[in-house]
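One structure below.
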Amino acid sequence: MPVKSYRPYTPSRRFITTPDFSELTRRNPEKSLVHGMRKKAGRNNTGMLMVRHKGGGHRRSYRWIDFRREKYGVPAKVVSIEYDPNRSARIALLQYADGEKRYILHPVGLKVGDAVASGPQADIKVGNALPLTHIPEGTFVHNLELMPGRGAKLVRSAGGQAQLMAKDGPYAQLRMPSGEIRLIPKECMATIGQVGNLEHENIVLGNAGRKRHLGIRPTVRGGAMNATDHPLGGGRGKSKGHNHPRSPWNQLSRGFKTRNKRKIWGWMILKDRRKGILGTVPT
């Protein structure tokens, strides 16, 4: 996916880059797989603001993505490659031999007309989904499950890929895009290949309007606020020292560990993305 740049006829236009969408083959989504989506603007069911800097943005429709890939043994053909406003990756529309249509994440190298399959008997081929126990070590995968049958939770954004490092007992060791090495049950499904839209990380929004179009509201620095509004606020002029970076609720935001050590999944992380070896493989 090449990235388009523009002639700087305005100051902000000098830095703006956009995708050219040359890989897309269809403009409108499959109606049977589209669902309406309400905006929450970062609020929970009681209306309380839980995530700041969200709200507004263009209206979106949700595309139902098949993160389970449970149609074992049923061959499918790629019908189209489409845009999804709800994620950084592109999506591919599959039509199965029994007539059913489903969306999957579009991996690098998958083209219209290609055949894909899922299940233990599927070939080691881009776009095919298999349990980790049937995938050779060293293979790059994406769309990873954490628990068998629960649907993929990991490595779903544009350009993401994880490498299957080893298999030991009931678990497989995978190196995540962050560098973390973690254990995942071998019965979990994974899709062969790397998620497409590799140039997404090179996109420069360039102006405030494009951020608002994406539903991102402005962020004000704590140091620019009054002392009553933020722990870093107040002071005459800019004050860089004395105060460590904090949240508006006075929680340290740098160097202060917030991970719950009592979580049962902690032992599944063999190598943290920031530190060295943490746990050991259970027997």
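In the structure tokens, the first chain shown is A, the next is B, and so on; residue numbers restart at 1 for each chain, and ligands run from 1 in the order shown.
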Could you produce a table of the residues of segment 81-130 of chain A lying within 9 Å of segment 20-30 of chain A, with the nearest pair of atoms per residue and their separation in Å rounded to one decimal, using only C-alpha atoms, ordered by chain and increasing residue number, as CSV?
```
residue,atom,partner,partner_atom,distance
A:Ile81,CA,A:Leu24,CA,5.2
A:Glu82,CA,A:Leu24,CA,5.3
A:Tyr83,CA,A:Leu24,CA,6.9
A:Asp84,CA,A:Pro29,CA,8.8
A:Arg90,CA,A:Leu24,CA,8.3
A:Leu93,CA,A:Glu30,CA,8.2
A:Lys101,CA,A:Glu30,CA,8.6
A:Val112,CA,A:Thr25,CA,8.3
```
List the spatial neighbours of Gln121 of chain A as a list in words - criterion: any atom at most 12 Å away, only C-alpha atoms, same-chain residues fewer than 3 positions off excluded.
Tyr72, Gly73, Val74, Pro75, Val116, Ala117, Ser118, Ile124, Lys125, Asn128, Ala129, Leu130, Pro131, Thr133, His134 and Ile135 of chain A
Residue selection dump (C-alpha atoms) as a PDB file, in the first residue's frame:
```pdb
ATOM      1  CA  TYR A  72     -13.170 -26.669   9.537  1.00  0.00           C
ATOM      2  CA  GLY A  73     -12.732 -28.447   6.235  1.00  0.00           C
ATOM      3  CA  VAL A  74     -14.947 -26.063   4.232  1.00  0.00           C
ATOM      4  CA  PRO A  75     -12.919 -24.389   1.443  1.00  0.00           C
ATOM      5  CA  VAL A 116      -8.197 -20.448   2.004  1.00  0.00           C
ATOM      6  CA  ALA A 117      -9.159 -23.063   4.571  1.00  0.00           C
ATOM      7  CA  SER A 118      -9.161 -23.644   8.306  1.00  0.00           C
ATOM      8  CA  ILE A 124       0.677 -24.082   5.899  1.00  0.00           C
ATOM      9  CA  LYS A 125      -0.290 -21.263   3.577  1.00  0.00           C
ATOM     10  CA  ASN A 128      -5.140 -20.524   6.419  1.00  0.00           C
ATOM     11  CA  ALA A 129      -6.009 -20.983  10.109  1.00  0.00           C
ATOM     12  CA  LEU A 130      -4.753 -23.953  12.124  1.00  0.00           C
ATOM     13  CA  PRO A 131      -4.290 -24.938  15.770  1.00  0.00           C
ATOM     14  CA  THR A 133      -0.028 -27.767  17.537  1.00  0.00           C
ATOM     15  CA  HIS A 134      -0.200 -28.285  13.725  1.00  0.00           C
ATOM     16  CA  ILE A 135       1.949 -25.260  12.823  1.00  0.00           C
TER      17      ILE A 135
END
```
Select from segment 52-283 of chain A everything DSSP, run on the backbone, classes as helix (DSSP H, G or I), then give the selection as an NGL selection string.
:A and (132-134 or 198-202 or 208-213 or 222-224 or 266-268)
Could you write out the selected residues, including C-alpha atoms, as a PDB file, in the first residue's frame?
```
ATOM      1  CA  LEU A 132      -0.803 -24.077  17.022  1.00  0.00           C
ATOM      2  CA  THR A 133      -0.028 -27.767  17.537  1.00  0.00           C
ATOM      3  CA  HIS A 134      -0.200 -28.285  13.725  1.00  0.00           C
ATOM      4  CA  LEU A 198       2.067  -2.462   6.392  1.00  0.00           C
ATOM      5  CA  GLU A 199       2.370   1.253   5.627  1.00  0.00           C
ATOM      6  CA  HIS A 200      -0.228   2.235   8.223  1.00  0.00           C
ATOM      7  CA  GLU A 201       2.490   3.249  10.692  1.00  0.00           C
ATOM      8  CA  ASN A 202       3.813   5.812   8.192  1.00  0.00           C
ATOM      9  CA  ALA A 208      -6.405  18.586  14.112  1.00  0.00           C
ATOM     10  CA  GLY A 209      -9.372  18.078  11.813  1.00  0.00           C
ATOM     11  CA  ARG A 210      -8.327  14.568  10.821  1.00  0.00           C
ATOM     12  CA  LYS A 211      -8.033  13.604  14.492  1.00  0.00           C
ATOM     13  CA  ARG A 212     -11.548  14.862  15.210  1.00  0.00           C
ATOM     14  CA  HIS A 213     -12.796  12.925  12.180  1.00  0.00           C
ATOM     15  CA  GLY A 222      -1.317  19.001  32.733  1.00  0.00           C
ATOM     16  CA  GLY A 223       1.343  21.678  33.051  1.00  0.00           C
ATOM     17  CA  ALA A 224      -0.855  24.090  31.090  1.00  0.00           C
ATOM     18  CA  GLY A 266       1.195 -13.577  34.905  1.00  0.00           C
ATOM     19  CA  TRP A 267       3.021 -16.913  34.820  1.00  0.00           C
ATOM     20  CA  MET A 268       2.289 -17.266  31.088  1.00  0.00           C
TER      21      MET A 268
END
```
Name all residues at most 10 Å from Pro19 of chain A (count only C-alpha atoms; drop same-chain ones fewer than 5 positions away) and give them as a PyMOL selection string.
chain A and resi 1-5+197+199-200+202-204
Please produce a file of the residues just selected, as an mmCIF file, in the first residue's frame, where the atoms kept are C-alpha atoms.
```cif
data_model
loop_
_atom_site.group_PDB
_atom_site.id
_atom_site.type_symbol
_atom_site.label_atom_id
_atom_site.label_comp_id
_atom_site.auth_asym_id
_atom_site.auth_seq_id
_atom_site.Cartn_x
_atom_site.Cartn_y
_atom_site.Cartn_z
ATOM 1 C CA MET A 1 0.000 0.000 0.000
ATOM 2 C CA PRO A 2 1.828 3.139 -1.173
ATOM 3 C CA VAL A 3 1.462 6.333 0.843
ATOM 4 C CA LYS A 4 0.361 9.538 -0.868
ATOM 5 C CA SER A 5 1.906 12.909 -0.087
ATOM 6 C CA ASN A 197 -1.602 -2.676 5.384
ATOM 7 C CA GLU A 199 2.370 1.253 5.627
ATOM 8 C CA HIS A 200 -0.228 2.235 8.223
ATOM 9 C CA ASN A 202 3.813 5.812 8.192
ATOM 10 C CA ILE A 203 0.533 7.737 7.933
ATOM 11 C CA VAL A 204 0.797 11.317 9.273
#
```
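Residue neighbourhood of Trp64 of chain A, excluding near-sequence residues (fewer than 4 positions): Leu33, Val34 and Tyr103 of chain A, at 7 Å, using only C-alpha atoms.
Comparing A:Glu100, A:Lys31, A:His106, A:Lys54 by their smallest distance to Ser80 of chain A, the closest is A:His106 (using only C-alpha atoms).
Note that the spacing between atom CA of Met189 of chain A and atom CA of Ala76 of chain A amounts to 17.4 Å.
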Excluding Gly55 of chain A and any residue of its chain fewer than 2 positions from it, enumerate the residues within 7 Å of it, using only C-alpha atoms, and give them as a PDB file with C-alpha atoms, in the first residue's frame.
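Contents of out.pdb, as written:
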```pdb
ATOM      1  CA  ALA A  41     -17.596   8.530  23.678  1.00  0.00           C
ATOM      2  CA  HIS A  53     -10.358  12.271  24.762  1.00  0.00           C
ATOM      3  CA  GLY A  57     -16.028  11.531  14.657  1.00  0.00           C
ATOM      4  CA  GLY A 215     -13.242  10.502  17.069  1.00  0.00           C
ATOM      5  CA  ILE A 216     -10.194  11.738  19.028  1.00  0.00           C
ATOM      6  CA  ARG A 217     -10.805  14.849  21.121  1.00  0.00           C
TER       7      ARG A 217
END
```
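Nearest to Asn86 of chain A of all the residues A:Arg102, A:Arg68, A:Arg63, A:Lys111 is A:Arg63, counting only C-alpha atoms.
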DSSP on the backbone: which residues in segment 62-187 of chain A end up as strand (DSSP E)? Give the answer as number ranges by chain.
A: 62-63, 76-82, 91-96, 101-105, 115-116, 129-131, 140-142, 144-145, 152-154, 162-168, 171-175, 181-185
Put those residues in a file: N, CA and C atoms, as a CSV table (one decimal), in the first residue's frame.
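again-v2.csv, freshly written:
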```csv
chain,number,residue,atom,x,y,z
A,62,TYR,N,-20.3,-1.4,11.9
A,62,TYR,CA,-19.4,-2.4,12.2
A,62,TYR,C,-19.5,-3.6,11.3
A,63,ARG,N,-18.3,-4.1,10.9
A,63,ARG,CA,-18.3,-5.3,10.0
A,63,ARG,C,-18.0,-6.5,10.9
A,76,ALA,N,-12.9,-22.0,1.0
A,76,ALA,CA,-13.4,-20.7,0.7
A,76,ALA,C,-12.5,-20.0,-0.3
A,77,LYS,N,-13.1,-19.0,-0.9
A,77,LYS,CA,-12.4,-18.2,-1.9
A,77,LYS,C,-12.5,-16.8,-1.6
A,78,VAL,N,-11.4,-16.0,-1.8
A,78,VAL,CA,-11.4,-14.6,-1.5
A,78,VAL,C,-12.2,-13.9,-2.6
A,79,VAL,N,-13.2,-13.1,-2.2
A,79,VAL,CA,-14.1,-12.4,-3.1
A,79,VAL,C,-13.6,-11.0,-3.3
A,80,SER,N,-13.2,-10.3,-2.2
A,80,SER,CA,-12.8,-8.9,-2.3
A,80,SER,C,-12.0,-8.6,-1.1
A,81,ILE,N,-11.3,-7.4,-1.3
A,81,ILE,CA,-10.5,-6.8,-0.2
A,81,ILE,C,-11.1,-5.5,0.1
A,82,GLU,N,-11.4,-5.2,1.3
A,82,GLU,CA,-12.2,-4.0,1.6
A,82,GLU,C,-11.6,-3.2,2.8
A,91,ILE,N,-9.7,-5.8,5.5
A,91,ILE,CA,-10.4,-7.1,5.6
A,91,ILE,C,-10.7,-7.7,4.3
A,92,ALA,N,-10.8,-9.0,4.3
A,92,ALA,CA,-11.0,-9.8,3.1
A,92,ALA,C,-12.3,-10.5,3.2
A,93,LEU,N,-13.2,-10.5,2.2
A,93,LEU,CA,-14.4,-11.2,2.2
A,93,LEU,C,-14.3,-12.6,1.6
A,94,LEU,N,-14.7,-13.6,2.3
A,94,LEU,CA,-14.6,-15.0,1.9
A,94,LEU,C,-16.0,-15.5,1.6
A,95,GLN,N,-16.0,-16.3,0.5
A,95,GLN,CA,-17.3,-17.0,0.2
A,95,GLN,C,-16.9,-18.5,0.3
A,96,TYR,N,-17.6,-19.2,1.2
A,96,TYR,CA,-17.4,-20.6,1.4
A,96,TYR,C,-18.1,-21.5,0.4
A,101,LYS,N,-20.9,-16.3,3.6
A,101,LYS,CA,-19.8,-15.3,3.4
A,101,LYS,C,-19.4,-14.8,4.8
A,102,ARG,N,-18.1,-14.6,4.9
A,102,ARG,CA,-17.5,-14.1,6.2
A,102,ARG,C,-16.3,-13.2,5.9
A,103,TYR,N,-16.1,-12.2,6.8
A,103,TYR,CA,-14.9,-11.4,6.8
A,103,TYR,C,-13.8,-12.0,7.6
A,104,ILE,N,-12.5,-11.8,7.1
A,104,ILE,CA,-11.3,-12.1,7.9
A,104,ILE,C,-10.4,-11.0,7.8
A,105,LEU,N,-9.4,-10.9,8.6
A,105,LEU,CA,-8.3,-9.9,8.5
A,105,LEU,C,-7.5,-10.3,7.2
A,115,ALA,N,-7.6,-19.4,-2.6
A,115,ALA,CA,-8.4,-20.3,-1.8
A,115,ALA,C,-7.8,-20.4,-0.4
A,116,VAL,N,-8.6,-20.4,0.6
A,116,VAL,CA,-8.2,-20.4,2.0
A,116,VAL,C,-9.0,-21.5,2.7
A,129,ALA,N,-6.0,-21.0,8.6
A,129,ALA,CA,-6.0,-21.0,10.1
A,129,ALA,C,-5.9,-22.4,10.6
A,130,LEU,N,-5.0,-22.6,11.6
A,130,LEU,CA,-4.8,-24.0,12.1
A,130,LEU,C,-4.5,-23.8,13.6
A,131,PRO,N,-4.7,-24.9,14.4
A,131,PRO,CA,-4.3,-24.9,15.8
A,131,PRO,C,-2.8,-24.9,15.8
A,140,PHE,N,5.5,-17.6,11.1
A,140,PHE,CA,5.0,-16.3,11.5
A,140,PHE,C,3.4,-16.4,11.4
A,141,VAL,N,2.7,-16.0,12.4
A,141,VAL,CA,1.3,-16.1,12.5
A,141,VAL,C,0.7,-14.8,13.0
A,142,HIS,N,-0.6,-14.7,12.9
A,142,HIS,CA,-1.4,-13.6,13.4
A,142,HIS,C,-2.7,-14.1,13.8
A,144,LEU,N,-4.3,-14.5,16.9
A,144,LEU,CA,-4.0,-15.5,17.8
A,144,LEU,C,-5.1,-15.6,18.9
A,145,GLU,N,-5.6,-16.8,19.3
A,145,GLU,CA,-6.5,-17.0,20.4
A,145,GLU,C,-5.7,-17.1,21.7
A,152,ALA,N,-9.9,-14.9,18.3
A,152,ALA,CA,-8.6,-14.3,18.4
A,152,ALA,C,-8.7,-13.0,19.1
A,153,LYS,N,-7.6,-12.8,20.0
A,153,LYS,CA,-7.5,-11.6,20.8
A,153,LYS,C,-6.2,-10.8,20.5
A,154,LEU,N,-5.2,-11.5,20.0
A,154,LEU,CA,-3.8,-11.0,19.9
A,154,LEU,C,-3.4,-10.8,18.4
A,162,ALA,N,3.4,-12.6,14.9
A,162,ALA,CA,4.1,-13.3,16.0
A,162,ALA,C,4.8,-14.5,15.5
A,163,GLN,N,5.8,-14.9,16.1
A,163,GLN,CA,6.6,-16.1,15.7
A,163,GLN,C,6.5,-17.2,16.7
A,164,LEU,N,6.1,-18.4,16.1
A,164,LEU,CA,6.0,-19.6,17.0
A,164,LEU,C,7.5,-20.1,17.2
A,165,MET,N,7.9,-20.0,18.5
A,165,MET,CA,9.2,-20.3,18.9
A,165,MET,C,9.5,-21.7,19.2
A,166,ALA,N,8.6,-22.3,20.0
A,166,ALA,CA,8.8,-23.7,20.5
A,166,ALA,C,7.4,-24.2,21.0
A,167,LYS,N,7.4,-25.5,21.2
A,167,LYS,CA,6.2,-26.2,21.8
A,167,LYS,C,6.8,-27.1,23.0
A,168,ASP,N,6.1,-26.9,24.1
A,168,ASP,CA,6.6,-27.6,25.3
A,168,ASP,C,5.4,-28.0,26.1
A,171,TYR,N,1.6,-26.3,26.0
A,171,TYR,CA,1.7,-24.8,25.6
A,171,TYR,C,2.7,-24.6,24.5
A,172,ALA,N,2.5,-23.6,23.7
A,172,ALA,CA,3.4,-23.1,22.7
A,172,ALA,C,4.0,-21.8,23.1
A,173,GLN,N,5.2,-21.5,22.8
A,173,GLN,CA,5.9,-20.3,23.1
A,173,GLN,C,5.9,-19.4,21.8
A,174,LEU,N,5.4,-18.2,22.0
A,174,LEU,CA,5.3,-17.3,20.9
A,174,LEU,C,6.0,-16.0,21.2
A,175,ARG,N,6.7,-15.4,20.3
A,175,ARG,CA,7.3,-14.1,20.4
A,175,ARG,C,6.4,-13.1,19.8
A,181,ILE,N,7.7,-12.8,25.1
A,181,ILE,CA,7.6,-14.2,24.8
A,181,ILE,C,6.6,-14.8,25.9
A,182,ARG,N,5.5,-15.4,25.4
A,182,ARG,CA,4.5,-15.8,26.3
A,182,ARG,C,4.0,-17.2,25.8
A,183,LEU,N,3.3,-17.9,26.8
A,183,LEU,CA,2.7,-19.2,26.6
A,183,LEU,C,1.3,-19.1,26.1
A,184,ILE,N,0.9,-19.9,25.2
A,184,ILE,CA,-0.5,-20.0,24.7
A,184,ILE,C,-0.8,-21.5,24.5
A,185,PRO,N,-2.0,-21.9,25.0
A,185,PRO,CA,-2.3,-23.3,24.8
A,185,PRO,C,-2.2,-23.8,23.3
```
At a cut-off of 12 Å, using only C-alpha atoms, what residues contact Gly234 of chain A? Leave out same-chain residues fewer than 4 positions from it and give the result as a PDB file with C-alpha atoms, in the first residue's frame.
```pdb
ATOM      1  CA  ARG A 221      -1.099  19.139  28.954  1.00  0.00           C
ATOM      2  CA  GLY A 222      -1.317  19.001  32.733  1.00  0.00           C
ATOM      3  CA  GLY A 223       1.343  21.678  33.051  1.00  0.00           C
ATOM      4  CA  ALA A 224      -0.855  24.090  31.090  1.00  0.00           C
ATOM      5  CA  MET A 225      -3.727  23.775  33.582  1.00  0.00           C
ATOM      6  CA  ASN A 226      -4.452  25.508  36.858  1.00  0.00           C
ATOM      7  CA  ALA A 227      -3.333  23.941  40.112  1.00  0.00           C
ATOM      8  CA  THR A 228      -6.945  23.052  40.977  1.00  0.00           C
ATOM      9  CA  ASP A 229      -7.336  21.066  37.765  1.00  0.00           C
ATOM     10  CA  HIS A 230      -4.161  18.988  37.673  1.00  0.00           C
ATOM     11  CA  LYS A 238       6.675  26.625  32.777  1.00  0.00           C
ATOM     12  CA  SER A 239       7.983  24.417  35.573  1.00  0.00           C
ATOM     13  CA  LYS A 240       9.640  21.213  34.427  1.00  0.00           C
ATOM     14  CA  ASN A 243       6.951  17.095  39.979  1.00  0.00           C
TER      15      ASN A 243
END
```
Shortest contact to Pro177 of chain A, candidates A:Pro107, A:Ser88, A:Arg273, A:Lys40, atoms counted only C-alpha atoms, goes to A:Arg273
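Rounded to one decimal, atom CA of Leu214 of chain A and atom CA of Gly56 of chain A lie 7.9 Å from each other.
Across the structure, atom CA of Gln194 of chain A and atom CA of Pro148 of chain A are spaced 20.9 Å apart.
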